[in-house]
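Structure file entry_16.txt (compact mmCIF, C-alpha atoms and all ligand atoms) follows.
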# COMPACT_ATOMS: atom_id res chain seq x y z
CA MET F 27 -12.05 -72.94 98.31
CA LYS F 28 -8.64 -73.25 96.70
CA SER F 29 -7.28 -70.49 94.42
CA ALA F 30 -4.00 -69.74 92.60
CA ARG F 31 -3.40 -66.03 93.22
CA ILE F 32 -1.02 -63.36 91.97
CA THR F 33 0.46 -61.73 95.08
CA GLY F 34 2.69 -59.22 93.28
CA PRO F 35 4.39 -58.61 89.91
CA ASN F 36 6.45 -61.61 88.74
CA GLU F 37 6.02 -63.42 92.09
CA PRO F 38 5.13 -67.12 91.74
CA LEU F 39 1.36 -67.60 92.02
CA ALA F 40 0.44 -68.74 95.56
CA VAL F 41 -2.13 -71.51 96.00
CA SER F 42 -4.23 -70.67 99.05
CA GLU F 43 -7.42 -71.83 100.81
CA THR F 44 -10.21 -69.42 101.79
CA ASP F 45 -13.84 -69.91 102.89
CA THR F 46 -16.12 -70.74 99.96
CA PRO F 47 -18.52 -67.77 99.62
CA LYS F 48 -22.29 -68.16 99.87
CA PRO F 49 -24.16 -66.44 96.99
CA GLN F 50 -26.61 -63.66 97.97
CA GLY F 51 -29.32 -61.95 95.88
CA ASP F 52 -28.36 -62.09 92.17
CA GLN F 53 -25.06 -63.89 92.85
CA VAL F 54 -24.22 -67.39 91.63
CA LEU F 55 -21.53 -69.74 92.95
CA VAL F 56 -19.92 -71.70 90.11
CA LYS F 57 -17.76 -74.81 90.58
CA VAL F 58 -15.03 -74.16 88.02
CA LYS F 59 -14.50 -76.98 85.50
CA SER F 60 -12.11 -75.23 83.15
CA VAL F 61 -10.45 -71.82 82.88
CA GLY F 62 -8.47 -70.55 79.89
CA VAL F 63 -4.91 -69.25 80.26
CA CYS F 64 -4.75 -65.97 78.32
CA HIS F 65 -1.72 -63.86 77.45
CA SER F 66 -3.49 -61.04 79.34
CA ASP F 67 -2.99 -63.12 82.52
CA LEU F 68 0.73 -62.84 81.76
CA HIS F 69 0.54 -59.03 81.50
CA LEU F 70 -1.34 -58.98 84.84
CA TRP F 71 1.34 -61.24 86.35
CA GLU F 72 4.12 -59.02 84.95
CA GLY F 73 2.42 -56.00 86.50
CA GLY F 74 1.48 -54.01 83.40
CA TYR F 75 2.06 -53.00 79.80
CA ASP F 76 5.01 -51.75 77.77
CA LEU F 77 4.18 -48.21 76.60
CA GLY F 78 7.44 -47.85 74.64
CA ASP F 79 10.31 -45.38 75.21
CA GLY F 80 11.07 -47.06 78.55
CA GLN F 81 7.58 -46.25 79.91
CA PHE F 82 5.50 -48.91 81.67
CA MET F 83 1.77 -48.73 82.51
CA LYS F 84 1.31 -50.43 85.90
CA VAL F 85 -1.93 -52.37 86.34
CA THR F 86 -2.05 -51.13 89.96
CA ASP F 87 -2.38 -47.58 88.56
CA ARG F 88 -5.42 -48.81 86.60
CA GLY F 89 -7.16 -50.13 89.74
CA VAL F 90 -5.83 -53.70 90.06
CA LYS F 91 -5.24 -54.73 93.67
CA TYR F 92 -2.94 -57.65 94.54
CA PRO F 93 -3.47 -60.34 95.66
CA VAL F 94 -5.84 -61.14 92.81
CA THR F 95 -7.04 -64.45 91.37
CA PRO F 96 -6.53 -64.30 87.58
CA GLY F 97 -8.63 -66.15 84.99
CA HIS F 98 -11.33 -64.53 82.86
CA GLU F 99 -12.27 -67.51 80.61
CA ILE F 100 -14.39 -69.40 83.16
CA VAL F 101 -16.63 -72.43 82.58
CA GLY F 102 -18.26 -74.38 85.38
CA ILE F 103 -21.31 -75.95 86.97
CA VAL F 104 -23.75 -73.92 89.06
CA GLU F 105 -23.27 -75.06 92.65
CA GLU F 106 -25.55 -72.61 94.50
CA ILE F 107 -27.70 -69.58 93.62
CA GLY F 108 -28.77 -66.43 95.50
CA ASP F 109 -32.47 -65.93 96.27
CA SER F 110 -33.11 -63.40 93.39
CA VAL F 111 -31.54 -65.47 90.60
CA ASN F 112 -33.66 -65.99 87.46
CA GLY F 113 -33.30 -68.53 84.65
CA ILE F 114 -30.22 -70.27 86.09
CA SER F 115 -30.46 -73.38 88.25
CA LYS F 116 -28.15 -75.64 90.25
CA ASN F 117 -26.15 -78.03 88.00
CA ASP F 118 -26.46 -75.84 84.85
CA GLU F 119 -23.20 -75.87 82.82
CA VAL F 120 -22.31 -72.23 82.19
CA LEU F 121 -19.84 -69.87 80.54
CA VAL F 122 -19.13 -66.65 82.46
CA PHE F 123 -19.11 -63.24 80.76
CA PRO F 124 -16.20 -61.63 82.66
CA TRP F 125 -16.18 -58.07 81.21
CA ILE F 126 -18.43 -56.62 83.89
CA GLY F 127 -19.08 -52.88 83.85
CA CYS F 128 -20.67 -50.28 86.14
CA GLY F 129 -24.06 -50.54 84.41
CA GLU F 130 -24.44 -46.73 84.30
CA CYS F 131 -21.93 -45.25 81.83
CA PRO F 132 -22.77 -44.62 78.13
CA ALA F 133 -21.11 -47.91 77.03
CA CYS F 134 -22.88 -50.03 79.66
CA LYS F 135 -26.22 -48.42 78.80
CA VAL F 136 -26.00 -49.74 75.22
CA GLY F 137 -24.87 -53.20 76.33
CA ASN F 138 -21.12 -52.75 75.80
CA GLU F 139 -20.02 -53.43 79.37
CA ASN F 140 -16.63 -54.49 77.97
CA LEU F 141 -15.99 -50.80 77.17
CA CYS F 142 -17.15 -49.47 80.58
CA ASP F 143 -15.62 -46.28 82.01
CA SER F 144 -15.01 -48.03 85.38
CA PRO F 145 -14.60 -51.72 84.57
CA LYS F 146 -14.91 -54.47 87.17
CA SER F 147 -13.71 -57.32 84.93
CA MET F 148 -13.35 -60.72 86.57
CA GLY F 149 -9.81 -62.05 86.77
CA VAL F 150 -8.50 -58.46 86.56
CA PHE F 151 -10.27 -56.02 88.89
CA GLN F 152 -12.01 -58.73 90.94
CA ASP F 153 -11.16 -62.37 91.54
CA GLY F 154 -11.42 -64.71 88.56
CA GLY F 155 -11.39 -68.40 87.79
CA TYR F 156 -7.95 -69.84 88.71
CA SER F 157 -9.92 -71.40 91.56
CA ASP F 158 -12.14 -74.38 92.27
CA TYR F 159 -15.09 -72.04 92.94
CA SER F 160 -15.94 -68.61 91.54
CA LEU F 161 -18.56 -66.18 92.86
CA ILE F 162 -20.30 -64.51 89.89
CA PRO F 163 -21.80 -61.09 90.78
CA SER F 164 -25.01 -61.74 88.80
CA TYR F 165 -26.79 -64.54 86.95
CA LYS F 166 -27.03 -62.02 84.04
CA TYR F 167 -23.36 -62.71 83.27
CA LEU F 168 -23.91 -66.43 82.65
CA ALA F 169 -24.76 -68.27 79.43
CA LYS F 170 -25.66 -71.96 79.31
CA LEU F 171 -23.31 -74.23 77.37
CA ASP F 172 -26.13 -76.48 76.07
CA GLY F 173 -23.79 -79.06 74.59
CA VAL F 174 -20.60 -77.06 73.89
CA ASN F 175 -17.49 -78.81 75.25
CA PRO F 176 -16.47 -77.06 78.52
CA ASP F 177 -12.74 -76.74 77.67
CA SER F 178 -13.53 -75.31 74.21
CA ALA F 179 -16.17 -72.95 75.60
CA THR F 180 -13.63 -71.15 77.83
CA SER F 181 -12.11 -69.50 74.74
CA LEU F 182 -15.42 -67.89 73.86
CA ALA F 183 -15.26 -65.52 76.85
CA CYS F 184 -12.06 -63.81 75.72
CA SER F 185 -9.95 -65.10 72.85
CA GLY F 186 -12.94 -66.00 70.67
CA LEU F 187 -14.96 -62.98 71.75
CA THR F 188 -12.13 -60.52 71.13
CA ALA F 189 -11.40 -62.09 67.76
CA TYR F 190 -15.12 -61.88 66.87
CA THR F 191 -15.29 -58.13 67.67
CA ALA F 192 -12.05 -57.49 65.78
CA ILE F 193 -13.03 -59.50 62.68
CA LYS F 194 -16.43 -57.73 62.56
CA LYS F 195 -14.54 -54.41 62.53
CA ALA F 196 -12.17 -55.76 59.85
CA ASN F 197 -15.09 -56.87 57.70
CA GLN F 198 -16.65 -53.40 57.39
CA ASN F 199 -14.90 -52.49 54.12
CA SER F 200 -15.90 -55.69 52.24
CA PRO F 201 -12.30 -56.92 52.27
CA GLU F 202 -10.91 -59.14 49.54
CA PHE F 203 -7.87 -59.90 51.73
CA ILE F 204 -7.71 -59.95 55.55
CA LEU F 205 -4.28 -60.25 57.12
CA ILE F 206 -4.17 -61.74 60.62
CA ILE F 207 -0.99 -61.08 62.58
CA GLY F 208 -0.24 -63.55 65.39
CA ALA F 209 -1.45 -67.16 65.37
CA GLY F 210 -1.71 -67.61 69.15
CA GLY F 211 -4.84 -68.10 71.25
CA LEU F 212 -6.55 -65.04 69.77
CA GLY F 213 -5.13 -65.25 66.25
CA LEU F 214 -6.22 -68.85 65.64
CA MET F 215 -9.75 -67.91 66.71
CA GLY F 216 -9.44 -64.90 64.38
CA VAL F 217 -8.59 -67.16 61.44
CA GLN F 218 -11.57 -69.47 62.10
CA ILE F 219 -14.00 -66.60 62.62
CA ALA F 220 -12.77 -64.72 59.54
CA LYS F 221 -13.26 -67.90 57.51
CA ALA F 222 -16.76 -68.33 58.95
CA ILE F 223 -18.18 -64.79 58.74
CA THR F 224 -16.32 -63.03 55.90
CA LYS F 225 -15.83 -63.67 52.18
CA ALA F 226 -12.18 -62.61 52.31
CA LYS F 227 -9.04 -64.59 51.54
CA ILE F 228 -7.22 -65.04 54.85
CA LEU F 229 -3.50 -64.38 55.22
CA CYS F 230 -1.74 -65.16 58.50
CA VAL F 231 1.68 -64.10 59.85
CA ASP F 232 3.55 -65.46 62.88
CA LEU F 233 7.16 -66.24 63.74
CA ASP F 234 6.47 -69.89 64.59
CA ASP F 235 6.01 -72.41 61.76
CA GLN F 236 4.05 -74.87 63.91
CA LYS F 237 1.49 -72.19 64.82
CA LEU F 238 1.31 -71.18 61.16
CA SER F 239 0.57 -74.73 60.06
CA THR F 240 -2.25 -74.88 62.64
CA ALA F 241 -3.53 -71.58 61.18
CA LYS F 242 -3.60 -73.23 57.75
CA GLU F 243 -5.60 -76.18 59.15
CA MET F 244 -8.03 -73.65 60.69
CA GLY F 245 -8.67 -72.00 57.33
CA ALA F 246 -5.84 -69.56 56.50
CA ASP F 247 -5.38 -69.43 52.72
CA PHE F 248 -1.80 -68.11 52.89
CA ILE F 249 0.76 -68.23 55.71
CA PHE F 250 3.96 -66.22 56.17
CA ASN F 251 6.80 -66.43 58.67
CA SER F 252 7.73 -62.90 59.84
CA LYS F 253 11.37 -64.02 60.17
CA ASP F 254 11.46 -64.29 56.36
CA ALA F 255 13.33 -61.21 55.03
CA ASP F 256 10.93 -60.98 52.05
CA VAL F 257 7.72 -61.18 54.09
CA ILE F 258 6.46 -57.73 53.02
CA GLN F 259 7.00 -58.38 49.30
CA LYS F 260 5.38 -61.81 49.61
CA ILE F 261 2.27 -60.40 51.31
CA MET F 262 2.06 -57.58 48.74
CA SER F 263 2.25 -59.93 45.77
CA THR F 264 -0.36 -62.28 47.34
CA CYS F 265 -2.65 -59.22 47.61
CA ASN F 266 -2.30 -58.43 43.86
CA GLY F 267 0.42 -55.85 44.58
CA LYS F 268 -2.10 -53.48 46.24
CA GLY F 269 -1.93 -54.68 49.86
CA ALA F 270 -4.35 -56.09 52.43
CA ASP F 271 -7.78 -54.44 52.71
CA SER F 272 -8.01 -55.21 56.43
CA ILE F 273 -5.41 -56.20 58.98
CA VAL F 274 -5.99 -57.45 62.52
CA ASP F 275 -2.86 -57.31 64.66
CA PHE F 276 -3.20 -59.72 67.60
CA VAL F 277 0.38 -58.94 68.67
CA ASN F 278 0.55 -55.13 68.31
CA ALA F 279 4.24 -54.57 68.88
CA PRO F 280 6.62 -52.34 66.85
CA PRO F 281 7.69 -55.01 64.30
CA THR F 282 4.14 -56.21 63.62
CA VAL F 283 2.60 -52.74 63.31
CA LYS F 284 5.44 -51.66 60.98
CA THR F 285 4.70 -54.70 58.80
CA ALA F 286 0.98 -53.88 58.91
CA LEU F 287 1.56 -50.27 57.80
CA ALA F 288 3.86 -51.46 55.00
CA VAL F 289 1.27 -53.83 53.52
CA ILE F 290 -2.00 -51.99 54.16
CA ARG F 291 -3.97 -51.14 51.05
CA LYS F 292 -5.23 -47.67 50.17
CA ARG F 293 -8.55 -47.20 52.09
CA GLY F 294 -7.42 -50.06 54.34
CA ASN F 295 -8.49 -50.79 57.87
CA LEU F 296 -6.05 -51.70 60.66
CA VAL F 297 -7.47 -53.16 63.88
CA LEU F 298 -5.05 -53.25 66.82
CA VAL F 299 -5.86 -55.89 69.43
CA GLY F 300 -2.68 -57.27 71.05
CA LEU F 301 -1.18 -55.74 74.17
CA PHE F 302 2.45 -56.69 73.60
CA GLY F 303 2.98 -52.94 73.38
CA GLY F 304 5.82 -50.55 72.68
CA SER F 305 5.65 -47.53 70.40
CA ILE F 306 6.42 -46.57 66.79
CA GLU F 307 6.93 -43.39 64.80
CA LEU F 308 4.12 -42.69 62.35
CA SER F 309 4.80 -41.09 59.00
CA LEU F 310 1.80 -38.75 59.12
CA VAL F 311 1.11 -37.92 55.47
CA THR F 312 0.57 -41.57 54.55
CA ILE F 313 -2.54 -41.73 56.76
CA PRO F 314 -4.57 -39.14 54.76
CA LEU F 315 -2.96 -39.99 51.41
CA LYS F 316 -3.93 -43.65 51.80
CA SER F 317 -7.07 -42.71 53.75
CA ILE F 318 -6.60 -45.60 56.15
CA ILE F 319 -8.43 -46.30 59.40
CA ILE F 320 -6.46 -47.33 62.51
CA GLN F 321 -8.68 -48.53 65.35
CA GLY F 322 -8.58 -50.57 68.54
CA ALA F 323 -10.76 -53.46 69.67
CA TYR F 324 -11.23 -54.60 73.26
CA THR F 325 -12.91 -57.93 74.10
CA GLY F 326 -16.64 -58.00 73.23
CA ASN F 327 -20.15 -57.79 74.67
CA TYR F 328 -22.45 -60.40 76.21
CA ASN F 329 -24.65 -60.77 73.11
CA ASP F 330 -21.62 -61.52 70.94
CA MET F 331 -20.52 -64.18 73.43
CA VAL F 332 -23.95 -65.83 73.12
CA GLU F 333 -23.68 -65.68 69.30
CA LEU F 334 -20.27 -67.35 69.49
CA LEU F 335 -21.60 -70.14 71.71
CA ASP F 336 -24.14 -70.78 68.97
CA LEU F 337 -21.41 -70.91 66.29
CA ALA F 338 -19.48 -73.41 68.46
CA ARG F 339 -22.62 -75.51 69.03
CA LYS F 340 -23.03 -75.74 65.24
CA ASN F 341 -19.34 -76.70 64.89
CA ILE F 342 -18.72 -73.62 62.70
CA ILE F 343 -15.89 -72.67 65.06
CA ASN F 344 -13.81 -75.11 67.06
CA PRO F 345 -11.38 -73.56 69.57
CA VAL F 346 -7.95 -75.27 69.71
CA ILE F 347 -7.26 -76.49 73.27
CA SER F 348 -3.86 -78.17 73.28
CA LYS F 349 -2.83 -78.45 76.95
CA ARG F 350 -4.47 -79.01 80.33
CA TYR F 351 -3.03 -78.19 83.76
CA SER F 352 -4.10 -78.63 87.39
CA LEU F 353 -4.53 -75.61 89.68
CA ASP F 354 -1.28 -76.52 91.45
CA ASP F 355 0.48 -76.20 88.08
CA ALA F 356 -0.80 -72.66 87.34
CA ASN F 357 2.78 -71.30 87.39
CA THR F 358 3.86 -73.89 84.81
CA ALA F 359 0.87 -72.98 82.64
CA LEU F 360 1.81 -69.28 82.64
CA ASN F 361 5.49 -70.02 82.04
CA ASP F 362 4.69 -72.36 79.14
CA LEU F 363 2.57 -69.59 77.55
CA LYS F 364 5.36 -67.06 78.12
CA ASN F 365 7.89 -69.44 76.52
CA ARG F 366 5.58 -69.85 73.48
CA LYS F 367 5.03 -73.57 74.10
CA ILE F 368 1.23 -73.41 73.73
CA ILE F 369 -0.61 -73.95 70.44
CA GLY F 370 -4.01 -72.19 70.62
CA ARG F 371 -5.16 -72.25 74.22
CA ALA F 372 -4.15 -74.03 77.42
CA VAL F 373 -6.73 -74.50 80.16
CA ILE F 374 -6.55 -75.17 83.88
CA ASN F 375 -8.95 -77.82 85.17
CA PRO F 376 -9.14 -77.08 88.93
P1 LIG P 401 -0.48 -65.93 72.68
O1 LIG P 401 0.75 -65.89 73.52
O2 LIG P 401 -1.36 -67.14 72.70
O3 LIG P 401 -0.14 -65.63 71.15
C1 LIG P 401 0.74 -64.65 70.71
C2 LIG P 401 1.19 -65.03 69.30
O4 LIG P 401 1.91 -63.96 68.73
C3 LIG P 401 2.11 -66.26 69.27
O5 LIG P 401 1.66 -67.17 68.29
C4 LIG P 401 3.47 -65.67 68.90
O6 LIG P 401 4.28 -66.57 68.17
C5 LIG P 401 3.06 -64.47 68.07
N1 LIG P 401 4.06 -63.41 68.01
C6 LIG P 401 4.71 -62.80 69.04
N2 LIG P 401 5.55 -61.85 68.57
C7 LIG P 401 5.42 -61.84 67.23
C8 LIG P 401 6.01 -61.09 66.17
N3 LIG P 401 6.92 -60.14 66.43
N4 LIG P 401 5.64 -61.36 64.89
C9 LIG P 401 4.72 -62.30 64.63
N5 LIG P 401 4.12 -63.05 65.58
C10 LIG P 401 4.47 -62.81 66.86
O7 LIG P 401 -1.33 -64.64 73.14
P2 LIG P 401 -2.92 -64.39 73.03
O8 LIG P 401 -3.58 -64.97 74.25
O9 LIG P 401 -3.36 -64.74 71.67
O10 LIG P 401 -2.94 -62.81 73.23
C11 LIG P 401 -2.32 -61.95 72.26
C12 LIG P 401 -2.28 -60.52 72.79
O11 LIG P 401 -3.63 -60.01 72.82
C13 LIG P 401 -1.77 -60.38 74.22
O12 LIG P 401 -1.02 -59.20 74.33
C14 LIG P 401 -3.03 -60.29 75.04
O13 LIG P 401 -2.86 -59.66 76.28
C15 LIG P 401 -3.87 -59.46 74.11
N6 LIG P 401 -5.31 -59.51 74.35
C16 LIG P 401 -6.04 -58.43 73.96
C17 LIG P 401 -7.40 -58.42 74.14
C18 LIG P 401 -8.21 -57.25 73.71
O14 LIG P 401 -9.41 -57.26 74.00
N7 LIG P 401 -7.67 -56.26 73.02
C19 LIG P 401 -8.04 -59.53 74.71
C20 LIG P 401 -7.28 -60.64 75.06
C21 LIG P 401 -5.91 -60.63 74.86
ZN ZN P 402 -8.00 -62.91 77.67
Hey, can you dump this file as structure tokens for me?
Amino acid sequence: MKSARITGPNEPLAVSETDTPKPQGDQVLVKVKSVGVCHSDLHLWEGGYDLGDGQFMKVTDRGVKYPVTPGHEIVGIVEEIGDSVNGISKNDEVLVFPWIGCGECPACKVGNENLCDSPKSMGVFQDGGYSDYSLIPSYKYLAKLDGVNPDSATSLACSGLTAYTAIKKANQNSPEFILIIGAGGLGLMGVQIAKAITKAKILCVDLDDQKLSTAKEMGADFIFNSKDADVIQKIMSTCNGKGADSIVDFVNAPPTVKTALAVIRKRGNLVLVGLFGGSIELSLVTIPLKSIIIQGAYTGNYNDMVELLDLARKNIINPVISKRYSLDDANTALNDLKNRKIIGRAVINP
């Protein structure tokens, strides 16, 4: 099989041939039709995360081993199954749940493998889908597309799923206004999902007008460019002078979190999702005085992915796929994402 692999931080991805594996037991071999290109693939390629103050968290210190095949938004056709596989057959069109856990820790035991203590996520800790074939550890991590477009379905394994988890958290205080920061792959899904599952007015901030106008088409009621010097006042006056009840930050970098803390309402809820990173100083008394909640959200669980597939099947959500690349062009795909040339999601069709 042919795969585009990360051999080391910032090294060009190398396209290499290896023997196509034969599935055993619960395993399933999927012929990859489409794989989403996520900003997290960029962090993996760059070797880690910015912790702020000159500190860097290396992915190799978190258990990543290079070379690794990235790609955690995998859709394909079942090519071959192991002899203990149940409910999945050759030629089924499937979406892969990539956030595989140990199965034993407290999170895994309640079905939240995405929050596992020793994660084995595909495209991060084990090989993913930038490849013409992908070996899935168990049929339990597959969901049938049943009519959802394969390119669109890729988004439901990460960008859609993460946005779904985050918007559910943002919807817990019956918000009148939800502010979504970042209108990229995740943020545009966030706008659509917020429109579909909440009663809130949706505000969206980005620094790119084209992405903001797509956010408006996807259901944002108000859009703001963060380069505008008056952005904080404009958000405050849109939220009746009191601020946003809930904020989901799909960027999560110093400028966006500072904006979020400046416009959050009393009793507000801030959900941090992005991994752009860095650090900020927190003015401590404002947290109790405003009684705000600051929380994180990380991907989502298998059941939520199945719910999302259903929302896509009913056309309630419609992931934006704006560019398609071949496996040989994986480097171009990552560079285009890095250079902010992608609206919504790009996919690789191996
Ligand atoms: P993307 O590159 O598609 O989108 C990022 C968006 O943020 C772009 O629209 C960009 O214009 C905007 N942006 C960047 N800096 C900004 C700023 N200062 N102010 C306003 N807007 C700004 O990325 P993506 O695939 O949507 O991923 C977003 C982040 O979320 C990445 O860091 C990614 O690794 C992370 N992520 C987190 C999870 C999770 O579970 N927590 C899951 C997937 C991705
Ligand atoms: Zn992702």
Hey, could you make a per-residue contact list for segment 156-214 of chain F against segment 339-362 of chain F with 8 Å as the cut-off, showing the nearest pair of atoms and its distance in Å to one decimal, counting only C-alpha atoms, sorted by chain and number, as a tab-separated table?
residue	atom	partner	partner_atom	distance
F:Tyr156	CA	F:Leu353	CA	6.8
F:Ser157	CA	F:Leu353	CA	7.1
F:Asp172	CA	F:Arg339	CA	7.9
F:Gly173	CA	F:Arg339	CA	6.7
F:Val174	CA	F:Arg339	CA	5.5
F:Asp177	CA	F:Ile347	CA	7.0
F:Ser178	CA	F:Pro345	CA	5.4
F:Ala179	CA	F:Pro345	CA	7.7
F:Ser181	CA	F:Pro345	CA	6.6
F:Gly186	CA	F:Pro345	CA	7.8
F:Gly211	CA	F:Val346	CA	8.0
F:Leu214	CA	F:Val346	CA	7.8
Env. residues ligand ZN 402 (chain P) / 6 Å / all atoms listed in the file / as a list in words: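 Residues lying within 6 Å of ligand ZN 402 (chain P): Cys64, Ser66, Cys184 and Ser185 of chain F.
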Env. residues ligand LIG 401 (chain P) / 6 Å / all atoms listed in the file / as number ranges by chain: F: 64-66, 184-185, 188, 208-213, 231-234, 252, 276-277, 281-282, 299-302, 323-325, 363
A straight line from atom CA of Thr95 of chain F to atom CA of Asn140 of chain F spans 19.3 Å
Which value, in Å to one decimal, gives the distance between atom CA of Ala196 of chain F and atom CA of Ser272 of chain F?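 We find that atom CA of Ala196 of chain F and atom CA of Ser272 of chain F lie 5.4 Å from each other.
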Between F:Cys265, F:Asp158, F:Thr86, F:Ser115, which has the minimum distance to Asp45 of chain F (counting only C-alpha atoms)? F:Asp158
I want to know what sits within 10 Å of Lys268 of chain F, based on all atoms listed in the file, with residues of the same chain fewer than 2 positions away left out; could you give that as a VMD selection string? chain F and resid 261 to 266 270 to 271 289 to 292
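Proximity ranking of F:Thr312, F:Cys128, F:Asn36, F:Glu333 relative to Tyr190 of chain F places F:Glu333 first, based on all atoms listed in the file.
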Nearest residue to Met148 of chain F from the set F:Ile107, F:Val63, F:Val94, F:Ala169 (distances using only C-alpha atoms):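 Smallest distance to Met148 of chain F is found for F:Val94.
Compared by their closest atoms to Gly129 of chain F, and using all atoms listed in the file, the residues F:Lys166, F:His98, F:Lys242, F:His69 rank with F:Lys166 nearest.
Atom CA of Tyr167 of chain F is found 25.0 Å from atom CA of Gly370 of chain F.
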Using all atoms listed in the file, which residue out of F:Phe82, F:Gly127, F:Ile162, F:Ile32 lies closest to Val54 of chain F?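 Of all the options, F:Ile162 lies closest to Val54 of chain F.
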F:Gln198, F:Asn175, F:Gly102, F:Lys260 ranked by distance to Ala338 of chain F, top pick (using all atoms listed in the file): F:Asn175
When you look at Lys225 of chain F with a cut-off of 12 Å (counting only C-alpha atoms), what residues show up, excluding the ones that are within fewer than 5 positions of it in the same chain? I need them as a ChimeraX atom specification. /F:193-194,196-204,219-220,247
Within 8 Å of Glu105 of chain F, counting only C-alpha atoms, which residues show up once you throw out same-chain ones fewer than 5 positions away? Write them as a list in words, please.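 My reading of the contact set: Val54, Leu55, Val56, Lys57, Lys116 and Asn117 of chain F.
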Find the residues with any atom within 7 Å of (-14.3, -61.9, 82.1); use only C-alpha atoms and the coordinates as given in the file, and write the answer as a list in words. His98, Glu99, Val122, Phe123, Pro124, Trp125, Ile126, Ser147, Met148, Gly149 and Ala183 of chain F
